[in-house]
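Peer 1: Encoded as structure tokens, here's the structure I'll be asking about.
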Amino acid sequence: MGRFFINIVFSVALAMPFLAGAAEPLFEYPQVPDQLTKVNLRSNFMITHLWDECSLDKEAITDVESFRETFTDFLSFFPLADVDEVDKAVKKFVDKVAKNEDNLKTVLGFVDTEIYNPMSQFCSDDVYVIFARHLIDNKKVDKNVKSMLEERALKINNSRLDKVIGDFGLQKGGTSAGTLHSLKSQYTILIFNIAGDFDTSIYKLRLSTDIATNNLIKNGVVNVVSVYSSAGKNDGDADLWHVATIPDMERTYDLRLRPCVYLLGADKTIIAKSPDVEQILSLMAQLGNSLGV
């Protein structure tokens with residue numbers, strides 16, 4: 001079975017009755033049976049039974065920090081558990097917590113801050129989509145919350161690594177210049193312009209003045225596409241670049257990390273999301289050297 005990758009250091013003794021943490025645990029965690037010796041089986045047991053002794057469905061939990069710590073302990077077992085067991089455990093948890101309105105609201109906050117927030121050590125697109133799916137399917141969840149979850153899940157799915165990004169029209173020098181998928185370059189750099197994001201302006205300046213990048217663009221090896229949500233003045237775009245206007249870009253693509261830059265391969269698959277400008281410039285230098293451009 002597959003595993004989830006989450007940006008955490010997972011070093012925990014699964015045989016312990018509960019995980020050590022800063023807050024007082026809400027309850028004693030279940031003891032893993034000794035006969036379960038494989039790590040995935042022990043993790044599967046923990047995620048399946050962690051909340052069994054907690055009255056999530058009946059009593060509002062007022063100690064929010066302890067609740068948060070227990071929730072992140074729950075998440076910490078996911079990387080070593082089987083994917084289908086994670087899915088079942090999340091459904092079981094959602095079905096239980098949704099029966100208590102206060103606890104459900106708290107958990108929705110945790111899903112946002114601990115799973116969707118790119119700065120969280122537990123951030124995981126895969127896990128977020130699983131939570132979103134089961135929350136959307138639950139009748140107790142408010143329709144406005146469901147709408148938000150659906151939009152976020154769509155953006156995540158549109159922006160996954162190895163995903164072929166959707167096609168859209170391009171302009172160059174104020175005139176139509178085909179579509180994204182019509183570009184024949186080996187790499188395409190998409191820069192999403194978010195109003196007020198100073199770091200994007202610096203990123204664009206570094207890229208537009210880079211000799212290696214400009215030489216690669218002139219030789220058809222690389223393209224840069226600067227994407228906006230509305231037509232208008234395009235600040236910092238080089239004459240060699242393409243420009244695109246996607247009115248609903250913030251509802252279509254995952255723009256959580258700023259500057260928001262996608263590196264695409266020749267077939268327009270996403271091969272990197274928000275790489276540092278130094279990484280891009282290094283790639284351009286290496287590519288230029290290897291091709292003699």
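All residue names refer to the structure tokens as shown: chains lettered A, B, ... in order, residues numbered from 1 in each chain, ligands numbered from 1 in order.
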Give me, as an mmCIF file with C-alpha atoms, in the first residue's frame, all polymer residues having an atom no more than 7 Å from Lys268 (chain A), counting only C-alpha atoms and skipping those fewer than 5 positions away in the same chain.
Peer 2:
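This went into result-v3.cif:
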data_model
loop_
_atom_site.group_PDB
_atom_site.id
_atom_site.type_symbol
_atom_site.label_atom_id
_atom_site.label_comp_id
_atom_site.auth_asym_id
_atom_site.auth_seq_id
_atom_site.Cartn_x
_atom_site.Cartn_y
_atom_site.Cartn_z
ATOM 1 C CA VAL A 164 -0.510 18.653 -17.070
ATOM 2 C CA ILE A 165 -1.609 22.221 -16.488
ATOM 3 C CA HIS A 181 0.301 24.171 -24.993
#
Peer 1: Region 92-174 of chain A: which residues are alpha helix (DSSP H) by DSSP, as number ranges by chain?
Peer 2: A: 92-97, 101-110, 125-137, 143-158
Peer 1: In Å, how far is it from CA of Asp142 (chain A) to CA of Lys155 (chain A)?
Peer 2: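 One can read the CA of Asp142 (chain A) to CA of Lys155 (chain A) distance as 20.3 Å.
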Peer 1: Record the distance separating CA of Glu114 (chain A) and CA of Ala98 (chain A), expressed in Å with one decimal.
Peer 2: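 Between CA of Glu114 (chain A) and CA of Ala98 (chain A) the gap is 18.3 Å.
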Peer 1: Taking only C-alpha atoms into account, produce a table as JSON lines in which each residue of region 135-204 of chain A with an atom at most 8 Å from an atom of region 250-261 of chain A appears once, together with its shortest atom pair and the distance in Å to one decimal, ordered by chain and rising number.
Peer 2:
{"residue": "A:Glu151", "atom": "CA", "partner": "A:Arg251", "partner_atom": "CA", "distance": 6.8}
{"residue": "A:Arg152", "atom": "CA", "partner": "A:Arg251", "partner_atom": "CA", "distance": 7.9}
{"residue": "A:Leu154", "atom": "CA", "partner": "A:Thr252", "partner_atom": "CA", "distance": 7.1}
{"residue": "A:Lys155", "atom": "CA", "partner": "A:Tyr253", "partner_atom": "CA", "distance": 4.7}
{"residue": "A:Ile156", "atom": "CA", "partner": "A:Asp254", "partner_atom": "CA", "distance": 5.8}
{"residue": "A:Asn158", "atom": "CA", "partner": "A:Tyr253", "partner_atom": "CA", "distance": 6.1}
{"residue": "A:Ser159", "atom": "CA", "partner": "A:Tyr253", "partner_atom": "CA", "distance": 5.9}
{"residue": "A:Ile189", "atom": "CA", "partner": "A:Val261", "partner_atom": "CA", "distance": 7.0}
{"residue": "A:Leu190", "atom": "CA", "partner": "A:Val261", "partner_atom": "CA", "distance": 5.5}
{"residue": "A:Ile191", "atom": "CA", "partner": "A:Val261", "partner_atom": "CA", "distance": 4.7}
{"residue": "A:Phe192", "atom": "CA", "partner": "A:Cys260", "partner_atom": "CA", "distance": 5.5}
{"residue": "A:Asn193", "atom": "CA", "partner": "A:Cys260", "partner_atom": "CA", "distance": 7.6}
{"residue": "A:Asp197", "atom": "CA", "partner": "A:Pro259", "partner_atom": "CA", "distance": 7.4}
{"residue": "A:Asp199", "atom": "CA", "partner": "A:Pro259", "partner_atom": "CA", "distance": 5.9}
{"residue": "A:Thr200", "atom": "CA", "partner": "A:Pro259", "partner_atom": "CA", "distance": 4.8}
{"residue": "A:Tyr203", "atom": "CA", "partner": "A:Pro259", "partner_atom": "CA", "distance": 7.4}
Peer 1: Counting only C-alpha atoms, give me one row per residue of region 192-277 of chain A with an atom at most 10 Å from an atom of region 289-292 of chain A, showing the shortest contact pair and its distance in Å to one decimal, sorted by chain then residue number, as a tab-separated table.
Peer 2:
residue	atom	partner	partner_atom	distance
A:Ala212	CA	A:Asn289	CA	8.7
A:Leu216	CA	A:Leu291	CA	9.2
A:Val221	CA	A:Leu291	CA	9.4
Peer 1: Selection from above, N, CA, C and O atoms, as a PDB file, in the first residue's frame, can you write it?
Peer 2:
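Output contents, as saved in selection_18.pdb:
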ATOM      1  N   ALA A 212      21.728  34.168 -19.056  1.00  0.00           N
ATOM      2  CA  ALA A 212      21.505  32.778 -19.480  1.00  0.00           C
ATOM      3  C   ALA A 212      20.037  32.547 -19.823  1.00  0.00           C
ATOM      4  O   ALA A 212      19.717  31.923 -20.843  1.00  0.00           O
ATOM      5  N   LEU A 216      18.463  31.555 -23.525  1.00  0.00           N
ATOM      6  CA  LEU A 216      17.670  30.339 -23.708  1.00  0.00           C
ATOM      7  C   LEU A 216      16.308  30.664 -24.320  1.00  0.00           C
ATOM      8  O   LEU A 216      15.790  29.910 -25.148  1.00  0.00           O
ATOM      9  N   VAL A 221      14.516  27.520 -26.157  1.00  0.00           N
ATOM     10  CA  VAL A 221      14.670  26.422 -25.197  1.00  0.00           C
ATOM     11  C   VAL A 221      13.767  26.633 -23.982  1.00  0.00           C
ATOM     12  O   VAL A 221      13.277  25.686 -23.375  1.00  0.00           O
TER      13      VAL A 221
END
Peer 1: What does the structure give for the distance between CA of Thr48 (chain A) and CA of Asn144 (chain A), in Å to one decimal?
Peer 2: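 Atom-to-atom, CA of Thr48 (chain A) and CA of Asn144 (chain A) are spaced 28.9 Å apart.
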